[in-house]
Amino acid sequence: MSQTTPPDSRSFPLRRQCPLAPPPEYDRLRAQEPVSEVRLPTGGTAWLVTRYEDVRTVLSSPAFSADGTRPGFPTLLPGHEQILRRPPFIRMDPPQHSFYRRMLTQEFTLKRVRTMRPGIQTTVDRLLDDLLARTPPVDLVEAFALPAPSLVICQLLGVPYDDHESFQSRSKAVLSGASTAEQSATALGGLRAYMDGLITRKQREPGDDLLSKLVSEQLEPAGELRRDELLMMCVMLLSAGHETTANMISLGAVALLEHPDQLAALRSDRGLLPGAVEELLRHLSIADLVTTRIAAEDTELGGTAIRAGEGVIALLAAANWDPGVFPEPERLDVHRGNRHHVGFGYGVHQCLGQNLARLELEIALSTLFARIPTLRVTVPVDELPYKHGGLLFGLHELPVSW
Amino acid sequence: MRITADTTVCIGAGMCALTAPEVFDQADDGLVTVLLPDPAEELHEAAAEAVRLCPSGALGVR
Ligand code: HEM
Ligand code: SF4
């Protein structure tokens, strides 16, 4: 066992220096201590995993469990142990995980998602009409990056968009590194209460939406879902469905503006768009810290012994910048065209909404730059307000002009 | 080339259908169906790539 650094000498999460690159310490860890122990902000320690192959192993091997109810499951933010007490299926193992996930797979197939293209395009166009009618500078997060995926997931789920301020601010509070345990718990309680009310409404007046469908087909007594299980699942869908993509849209726009050659290539050949989205997902790796696990048995990873019950964090950004797999990882290259990045995770929990997210990103970014060719950020990029220390990386605000 | 798919393992991520649409599709329930179990030579590369990318280990190639 190679245990060179005592656990409390390094604390976690590590901070990004360049906002468009993972923390530089990941490179050193990958080269010198690919599996290394850190102290967590919530107390306790966990193993950081930085090599691509090791990250894939953690996310696909049954030796590592996603079951959040196991004692000692690592948490990065205060208050999150509360979520893990009764977690949604993102923190369950098969076969329970498969039971819940399969209730939803049909809604997120490639075919299903592709039928949503015209609707998403209309949403994006309307938001940009409104944005262009305003006097710059405008906050691109508030005017575009956040409402676009929020409107899409609201329509899919059947959540009234008029309630967006309450669910957006609460989701943000749950995922933020700046929230105290109390703030996080209050926000989560608020989200659950909101969803509970919505379920009641769908029971009375079902609509043509996913929530109504789940209520009528899966909820007891007609189906097999208890009300609290359905509630948790829907809160997860609503939060995961807007925060993630919103961060990718705003950060993706900044990354492309910072790489004018790549943006120009993209403008001259729309066929590069799908590959560009994959490259942005790899390069920005906004869900870096999401993939936490716990060892289910004594095992070994990259030469390091890990004991049952020890926490593991499979760093997605570290894997996506592994130079052995992605040569010159710091280069944003829309021609790279590889899909084997782990920006959506790996293994049975790989993002359920990935094909929806890909489509949203393609439409949002391409339409943004087509409609506003002179788009520019009005503040130096290293002075923008980034979401350091949160579960998802991203931007709080993005002032733009044109 | 012989493609196998285990629908008890598949989690419906759709990577296969995205990567090699001629060879794989998702059924109405979201789980994989193999359209061409023995794909033509020119599809071998895409099919092998899809098998490698499948996150759940549901796909095999013989
Ligand atoms: C660019 C945007 C997105 C990124 C980067 C992203 C990333 C991820 C990652 C890394 C995971 C795996 C977590 C783990 O293994 O612990 C995940 C799971 C998940 N994502 Fe996404 N996601 C995005 C968009 C979406 C959207 C639009 C939805 C829509 C509903 C969604 C719903 C989910 C769900 C339900 C899971 C849990 C899947 C499971 O446990 O089986 N995500 N996502
Ligand atoms: S890539 Fe694998 S898990 Fe995803 S749909 Fe295809 S077979 Fe199923």
# chains A, B, ... in the order shown; residues from 1 in each chain; ligands from 1
>>> residues_around(residues="region 4-21 of chain B", least_positions_apart="5", cutoff="9 Å", atoms="only C-alpha atoms", output="ChimeraX atom specification")
/A:98,101-102,105-106,108-110,339,347-355 /B:26,29-35,37,43,46-51,53-62
>>> residues_near_ligand(ligand="ligand 1", cutoff="8 Å", atoms="only C-alpha atoms and all ligand atoms", output="NGL selection string")
(:A and (59 or 66 or 89-92 or 97-98 or 101 or 149 or 153 or 233 or 236-248 or 281 or 285-288 or 290-293 or 316 or 342-358 or 361)) or (:B and (11))
>>> write_last_selection(atoms="N, CA and C atoms", output="short mmCIF file (atom, residue, chain, number, x, y, z; two decimals), in the first residue's frame")
data_model
loop_
_atom_site.label_atom_id
_atom_site.label_comp_id
_atom_site.auth_asym_id
_atom_site.auth_seq_id
_atom_site.Cartn_x
_atom_site.Cartn_y
_atom_site.Cartn_z
N LEU A 59 -16.49 3.11 -11.33
CA LEU A 59 -17.89 3.35 -11.71
C LEU A 59 -18.56 2.12 -12.31
N ALA A 66 -22.81 2.35 -4.98
CA ALA A 66 -23.38 3.70 -5.01
C ALA A 66 -24.49 3.83 -3.96
N PHE A 89 -32.65 6.96 -6.91
CA PHE A 89 -31.91 5.79 -7.43
C PHE A 89 -30.48 6.09 -7.88
N ILE A 90 -30.12 7.35 -8.00
CA ILE A 90 -28.73 7.68 -8.32
C ILE A 90 -27.79 7.20 -7.21
N ARG A 91 -28.33 7.00 -6.01
CA ARG A 91 -27.53 6.48 -4.91
C ARG A 91 -28.06 5.14 -4.41
N MET A 92 -28.36 4.26 -5.37
CA MET A 92 -28.74 2.88 -5.06
C MET A 92 -27.93 1.95 -5.94
N HIS A 97 -31.72 -0.17 -8.07
CA HIS A 97 -31.46 0.89 -9.02
C HIS A 97 -32.15 0.62 -10.37
N SER A 98 -32.00 -0.59 -10.86
CA SER A 98 -32.57 -0.94 -12.17
C SER A 98 -34.09 -0.85 -12.15
N ARG A 101 -34.82 2.94 -12.41
CA ARG A 101 -34.33 3.55 -13.65
C ARG A 101 -35.15 3.09 -14.84
N PRO A 149 -32.87 25.07 -20.35
CA PRO A 149 -33.11 23.70 -19.88
C PRO A 149 -34.24 23.59 -18.86
N ILE A 153 -37.24 20.86 -19.23
CA ILE A 153 -37.55 19.81 -18.24
C ILE A 153 -38.94 20.04 -17.64
N MET A 233 -37.80 10.75 -6.75
CA MET A 233 -37.41 10.55 -8.13
C MET A 233 -37.67 11.84 -8.93
N MET A 236 -35.28 14.66 -8.10
CA MET A 236 -34.00 14.42 -8.75
C MET A 236 -34.08 14.79 -10.24
N LEU A 237 -35.14 14.38 -10.90
CA LEU A 237 -35.27 14.68 -12.34
C LEU A 237 -35.31 16.19 -12.57
N LEU A 238 -36.06 16.88 -11.74
CA LEU A 238 -36.21 18.32 -11.92
C LEU A 238 -34.87 19.03 -11.70
N SER A 239 -34.17 18.66 -10.63
CA SER A 239 -32.89 19.33 -10.34
C SER A 239 -31.82 18.95 -11.35
N ALA A 240 -31.65 17.63 -11.57
CA ALA A 240 -30.61 17.17 -12.50
C ALA A 240 -30.91 17.66 -13.90
N GLY A 241 -32.19 17.88 -14.19
CA GLY A 241 -32.59 18.25 -15.54
C GLY A 241 -32.33 19.70 -15.89
N HIS A 242 -32.08 20.58 -14.92
CA HIS A 242 -31.84 21.96 -15.32
C HIS A 242 -30.50 22.53 -14.89
N GLU A 243 -30.04 22.21 -13.67
CA GLU A 243 -28.79 22.80 -13.17
C GLU A 243 -27.58 22.42 -14.02
N THR A 244 -27.51 21.11 -14.32
CA THR A 244 -26.38 20.58 -15.09
C THR A 244 -26.24 21.26 -16.45
N THR A 245 -27.30 21.18 -17.23
CA THR A 245 -27.25 21.73 -18.59
C THR A 245 -27.04 23.23 -18.56
N ALA A 246 -27.64 23.91 -17.58
CA ALA A 246 -27.47 25.36 -17.47
C ALA A 246 -25.99 25.72 -17.29
N ASN A 247 -25.32 24.98 -16.43
CA ASN A 247 -23.90 25.24 -16.22
C ASN A 247 -23.09 24.96 -17.47
N MET A 248 -23.47 23.92 -18.19
CA MET A 248 -22.74 23.58 -19.42
C MET A 248 -22.95 24.63 -20.51
N LEU A 281 -18.02 18.76 -23.11
CA LEU A 281 -18.35 17.95 -21.94
C LEU A 281 -17.09 17.39 -21.29
N SER A 285 -16.03 19.19 -17.85
CA SER A 285 -16.28 18.20 -16.79
C SER A 285 -16.96 18.80 -15.56
N ILE A 286 -18.12 19.42 -15.76
CA ILE A 286 -18.77 20.15 -14.67
C ILE A 286 -19.23 19.25 -13.52
N ALA A 287 -19.45 17.96 -13.81
CA ALA A 287 -19.95 17.05 -12.76
C ALA A 287 -18.81 16.28 -12.09
N ASP A 288 -17.59 16.84 -12.20
CA ASP A 288 -16.37 16.26 -11.63
C ASP A 288 -16.57 15.53 -10.30
N VAL A 290 -19.43 14.67 -8.68
CA VAL A 290 -20.72 14.03 -8.41
C VAL A 290 -20.56 12.54 -8.11
N THR A 291 -19.55 11.92 -8.74
CA THR A 291 -19.46 10.47 -8.72
C THR A 291 -18.72 9.93 -7.50
N THR A 292 -19.44 9.90 -6.38
CA THR A 292 -18.91 9.36 -5.13
C THR A 292 -19.38 7.90 -4.98
N ARG A 293 -18.54 7.08 -4.38
CA ARG A 293 -18.88 5.67 -4.16
C ARG A 293 -18.31 5.24 -2.82
N LEU A 316 -14.18 12.93 -12.32
CA LEU A 316 -14.44 12.86 -13.76
C LEU A 316 -13.52 13.79 -14.54
N VAL A 342 -15.81 10.67 -19.79
CA VAL A 342 -16.73 10.24 -18.73
C VAL A 342 -17.49 11.43 -18.14
N GLY A 343 -17.72 12.45 -18.96
CA GLY A 343 -18.45 13.63 -18.51
C GLY A 343 -19.86 13.31 -18.01
N PHE A 344 -20.44 12.22 -18.52
CA PHE A 344 -21.75 11.76 -18.05
C PHE A 344 -21.60 10.58 -17.09
N GLY A 345 -20.40 10.33 -16.61
CA GLY A 345 -20.18 9.19 -15.74
C GLY A 345 -19.96 7.92 -16.56
N TYR A 346 -20.03 6.78 -15.88
CA TYR A 346 -19.82 5.49 -16.53
C TYR A 346 -20.49 4.43 -15.66
N GLY A 347 -20.74 3.26 -16.25
CA GLY A 347 -21.39 2.21 -15.48
C GLY A 347 -22.90 2.40 -15.46
N VAL A 348 -23.57 1.69 -14.55
CA VAL A 348 -25.03 1.67 -14.60
C VAL A 348 -25.67 3.01 -14.27
N HIS A 349 -24.92 3.91 -13.65
CA HIS A 349 -25.49 5.22 -13.33
C HIS A 349 -25.21 6.26 -14.40
N GLN A 350 -24.58 5.87 -15.50
CA GLN A 350 -24.29 6.88 -16.52
C GLN A 350 -25.56 7.66 -16.83
N CYS A 351 -25.38 8.96 -16.98
CA CYS A 351 -26.49 9.91 -17.03
C CYS A 351 -27.70 9.43 -17.83
N LEU A 352 -28.84 9.43 -17.17
CA LEU A 352 -30.09 9.06 -17.83
C LEU A 352 -30.50 10.11 -18.86
N GLY A 353 -30.17 11.36 -18.57
CA GLY A 353 -30.61 12.45 -19.44
C GLY A 353 -29.59 12.85 -20.49
N GLN A 354 -28.59 12.00 -20.73
CA GLN A 354 -27.47 12.41 -21.59
C GLN A 354 -27.88 12.79 -23.01
N ASN A 355 -28.82 12.06 -23.58
CA ASN A 355 -29.16 12.39 -24.96
C ASN A 355 -30.00 13.67 -25.04
N LEU A 356 -30.77 13.92 -24.00
CA LEU A 356 -31.48 15.19 -23.91
C LEU A 356 -30.48 16.33 -23.73
N ALA A 357 -29.51 16.12 -22.84
CA ALA A 357 -28.50 17.15 -22.59
C ALA A 357 -27.71 17.46 -23.86
N ARG A 358 -27.32 16.42 -24.60
CA ARG A 358 -26.57 16.64 -25.85
C ARG A 358 -27.38 17.51 -26.81
N LEU A 361 -27.67 21.13 -25.62
CA LEU A 361 -26.41 21.85 -25.79
C LEU A 361 -26.16 22.19 -27.25
N ILE B 11 -28.94 -0.44 -19.32
CA ILE B 11 -29.59 0.61 -18.54
C ILE B 11 -30.18 1.69 -19.44
#
>>> atom_distance(atom1="CA of Val254 (chain A)", atom2="CA of Val381 (chain A)")
7.7 Å
>>> select_by_dssp(residues="chain B", states="strand (DSSP E or B)", output="number ranges by chain")
B: 3-5, 24-26, 32-34, 59-61
>>> residues_around(residues="Leu191 (chain A)", least_positions_apart="3", cutoff="9 Å", atoms="only C-alpha atoms", output="PDB file with N, CA, C and O atoms, in the first residue's frame")
ATOM      1  N   SER A 166     -38.780  29.393  -7.514  1.00  0.00           N
ATOM      2  CA  SER A 166     -38.672  28.632  -6.268  1.00  0.00           C
ATOM      3  C   SER A 166     -37.859  27.351  -6.475  1.00  0.00           C
ATOM      4  O   SER A 166     -36.983  27.046  -5.678  1.00  0.00           O
ATOM      5  N   PHE A 167     -38.097  26.601  -7.573  1.00  0.00           N
ATOM      6  CA  PHE A 167     -37.323  25.348  -7.666  1.00  0.00           C
ATOM      7  C   PHE A 167     -35.885  25.583  -8.116  1.00  0.00           C
ATOM      8  O   PHE A 167     -34.980  24.849  -7.732  1.00  0.00           O
ATOM      9  N   ARG A 170     -33.924  26.781  -4.976  1.00  0.00           N
ATOM     10  CA  ARG A 170     -33.747  25.694  -4.002  1.00  0.00           C
ATOM     11  C   ARG A 170     -32.778  24.628  -4.514  1.00  0.00           C
ATOM     12  O   ARG A 170     -31.955  24.122  -3.759  1.00  0.00           O
ATOM     13  N   SER A 171     -32.871  24.278  -5.798  1.00  0.00           N
ATOM     14  CA  SER A 171     -31.923  23.297  -6.344  1.00  0.00           C
ATOM     15  C   SER A 171     -30.512  23.831  -6.223  1.00  0.00           C
ATOM     16  O   SER A 171     -29.574  23.120  -5.862  1.00  0.00           O
ATOM     17  N   THR A 186     -33.363  23.041   4.463  1.00  0.00           N
ATOM     18  CA  THR A 186     -34.569  23.834   4.209  1.00  0.00           C
ATOM     19  C   THR A 186     -34.911  23.813   2.726  1.00  0.00           C
ATOM     20  O   THR A 186     -36.074  23.640   2.338  1.00  0.00           O
ATOM     21  N   ALA A 187     -33.879  23.962   1.878  1.00  0.00           N
ATOM     22  CA  ALA A 187     -34.109  23.982   0.438  1.00  0.00           C
ATOM     23  C   ALA A 187     -34.647  22.636  -0.041  1.00  0.00           C
ATOM     24  O   ALA A 187     -35.593  22.563  -0.825  1.00  0.00           O
ATOM     25  N   LEU A 188     -34.060  21.548   0.463  1.00  0.00           N
ATOM     26  CA  LEU A 188     -34.506  20.216   0.061  1.00  0.00           C
ATOM     27  C   LEU A 188     -35.928  19.971   0.534  1.00  0.00           C
ATOM     28  O   LEU A 188     -36.775  19.445  -0.208  1.00  0.00           O
ATOM     29  N   TYR A 194     -42.886  21.079  -2.446  1.00  0.00           N
ATOM     30  CA  TYR A 194     -43.385  21.568  -3.731  1.00  0.00           C
ATOM     31  C   TYR A 194     -43.819  20.401  -4.612  1.00  0.00           C
ATOM     32  O   TYR A 194     -44.910  20.398  -5.195  1.00  0.00           O
ATOM     33  N   MET A 195     -42.960  19.373  -4.698  1.00  0.00           N
ATOM     34  CA  MET A 195     -43.257  18.230  -5.544  1.00  0.00           C
ATOM     35  C   MET A 195     -44.460  17.460  -5.021  1.00  0.00           C
ATOM     36  O   MET A 195     -45.272  16.944  -5.791  1.00  0.00           O
ATOM     37  N   ASP A 196     -44.611  17.402  -3.691  1.00  0.00           N
ATOM     38  CA  ASP A 196     -45.743  16.713  -3.092  1.00  0.00           C
ATOM     39  C   ASP A 196     -47.047  17.378  -3.535  1.00  0.00           C
ATOM     40  O   ASP A 196     -48.005  16.700  -3.922  1.00  0.00           O
ATOM     41  N   VAL A 235     -38.010  14.963  -7.782  1.00  0.00           N
ATOM     42  CA  VAL A 235     -37.132  16.054  -7.345  1.00  0.00           C
ATOM     43  C   VAL A 235     -35.774  15.898  -8.024  1.00  0.00           C
ATOM     44  O   VAL A 235     -35.197  16.864  -8.530  1.00  0.00           O
TER      45      VAL A 235
END
>>> decode(residues="region 339-377 of chain A", atoms="N, CA and C atoms", output="compact mmCIF listing (two decimals), in the first residue's frame")
# COMPACT_ATOMS: atom_id res chain seq x y z
N ARG A 339 -16.17 9.97 -27.97
CA ARG A 339 -17.28 9.90 -27.02
C ARG A 339 -16.92 9.11 -25.78
N HIS A 340 -15.67 8.70 -25.65
CA HIS A 340 -15.37 7.85 -24.50
C HIS A 340 -14.97 8.66 -23.28
N HIS A 341 -15.23 9.97 -23.30
CA HIS A 341 -15.04 10.76 -22.08
C HIS A 341 -16.06 10.29 -21.04
N VAL A 342 -15.81 10.67 -19.79
CA VAL A 342 -16.73 10.24 -18.73
C VAL A 342 -17.49 11.43 -18.14
N GLY A 343 -17.72 12.45 -18.96
CA GLY A 343 -18.45 13.63 -18.51
C GLY A 343 -19.86 13.31 -18.01
N PHE A 344 -20.44 12.22 -18.52
CA PHE A 344 -21.75 11.76 -18.05
C PHE A 344 -21.60 10.58 -17.09
N GLY A 345 -20.40 10.33 -16.61
CA GLY A 345 -20.18 9.19 -15.74
C GLY A 345 -19.96 7.92 -16.56
N TYR A 346 -20.03 6.78 -15.88
CA TYR A 346 -19.82 5.49 -16.53
C TYR A 346 -20.49 4.43 -15.66
N GLY A 347 -20.74 3.26 -16.25
CA GLY A 347 -21.39 2.21 -15.48
C GLY A 347 -22.90 2.40 -15.46
N VAL A 348 -23.57 1.69 -14.55
CA VAL A 348 -25.03 1.67 -14.60
C VAL A 348 -25.67 3.01 -14.27
N HIS A 349 -24.92 3.91 -13.65
CA HIS A 349 -25.49 5.22 -13.33
C HIS A 349 -25.21 6.26 -14.40
N GLN A 350 -24.58 5.87 -15.50
CA GLN A 350 -24.29 6.88 -16.52
C GLN A 350 -25.56 7.66 -16.83
N CYS A 351 -25.38 8.96 -16.98
CA CYS A 351 -26.49 9.91 -17.03
C CYS A 351 -27.70 9.43 -17.83
N LEU A 352 -28.84 9.43 -17.17
CA LEU A 352 -30.09 9.06 -17.83
C LEU A 352 -30.50 10.11 -18.86
N GLY A 353 -30.17 11.36 -18.57
CA GLY A 353 -30.61 12.45 -19.44
C GLY A 353 -29.59 12.85 -20.49
N GLN A 354 -28.59 12.00 -20.73
CA GLN A 354 -27.47 12.41 -21.59
C GLN A 354 -27.88 12.79 -23.01
N ASN A 355 -28.82 12.06 -23.58
CA ASN A 355 -29.16 12.39 -24.96
C ASN A 355 -30.00 13.67 -25.04
N LEU A 356 -30.77 13.92 -24.00
CA LEU A 356 -31.48 15.19 -23.91
C LEU A 356 -30.48 16.33 -23.73
N ALA A 357 -29.51 16.12 -22.84
CA ALA A 357 -28.50 17.15 -22.59
C ALA A 357 -27.71 17.46 -23.86
N ARG A 358 -27.32 16.42 -24.60
CA ARG A 358 -26.57 16.64 -25.85
C ARG A 358 -27.38 17.51 -26.81
N LEU A 359 -28.66 17.17 -26.96
CA LEU A 359 -29.50 17.91 -27.90
C LEU A 359 -29.66 19.36 -27.44
N GLU A 360 -29.91 19.55 -26.15
CA GLU A 360 -30.08 20.91 -25.62
C GLU A 360 -28.82 21.73 -25.86
N LEU A 361 -27.67 21.13 -25.62
CA LEU A 361 -26.41 21.85 -25.79
C LEU A 361 -26.16 22.19 -27.25
N GLU A 362 -26.43 21.23 -28.12
CA GLU A 362 -26.25 21.49 -29.56
C GLU A 362 -27.10 22.67 -30.00
N ILE A 363 -28.37 22.63 -29.64
CA ILE A 363 -29.29 23.67 -30.09
C ILE A 363 -28.95 25.01 -29.42
N ALA A 364 -28.74 24.98 -28.11
CA ALA A 364 -28.52 26.24 -27.38
C ALA A 364 -27.24 26.93 -27.87
N LEU A 365 -26.14 26.20 -27.95
CA LEU A 365 -24.88 26.85 -28.31
C LEU A 365 -24.85 27.27 -29.77
N SER A 366 -25.34 26.41 -30.66
CA SER A 366 -25.27 26.78 -32.08
C SER A 366 -26.20 27.96 -32.37
N THR A 367 -27.38 27.98 -31.76
CA THR A 367 -28.31 29.07 -32.02
C THR A 367 -27.81 30.38 -31.41
N LEU A 368 -27.23 30.26 -30.22
CA LEU A 368 -26.68 31.45 -29.55
C LEU A 368 -25.66 32.16 -30.44
N PHE A 369 -24.71 31.40 -30.97
CA PHE A 369 -23.66 32.04 -31.77
C PHE A 369 -24.13 32.41 -33.17
N ALA A 370 -25.15 31.73 -33.67
CA ALA A 370 -25.69 32.10 -34.98
C ALA A 370 -26.50 33.40 -34.88
N ARG A 371 -27.28 33.51 -33.81
CA ARG A 371 -28.14 34.69 -33.68
C ARG A 371 -27.36 35.91 -33.19
N ILE A 372 -26.32 35.69 -32.38
CA ILE A 372 -25.56 36.82 -31.83
C ILE A 372 -24.08 36.65 -32.19
N PRO A 373 -23.74 36.89 -33.45
CA PRO A 373 -22.36 36.62 -33.88
C PRO A 373 -21.33 37.50 -33.17
N THR A 374 -21.74 38.64 -32.64
CA THR A 374 -20.77 39.53 -31.98
C THR A 374 -20.76 39.36 -30.47
N LEU A 375 -21.32 38.27 -29.99
CA LEU A 375 -21.40 38.02 -28.54
C LEU A 375 -20.03 38.13 -27.88
N ARG A 376 -19.97 38.87 -26.75
CA ARG A 376 -18.72 38.91 -25.97
C ARG A 376 -19.04 39.06 -24.49
N VAL A 377 -18.10 38.59 -23.68
CA VAL A 377 -18.24 38.69 -22.23
C VAL A 377 -17.71 40.05 -21.81
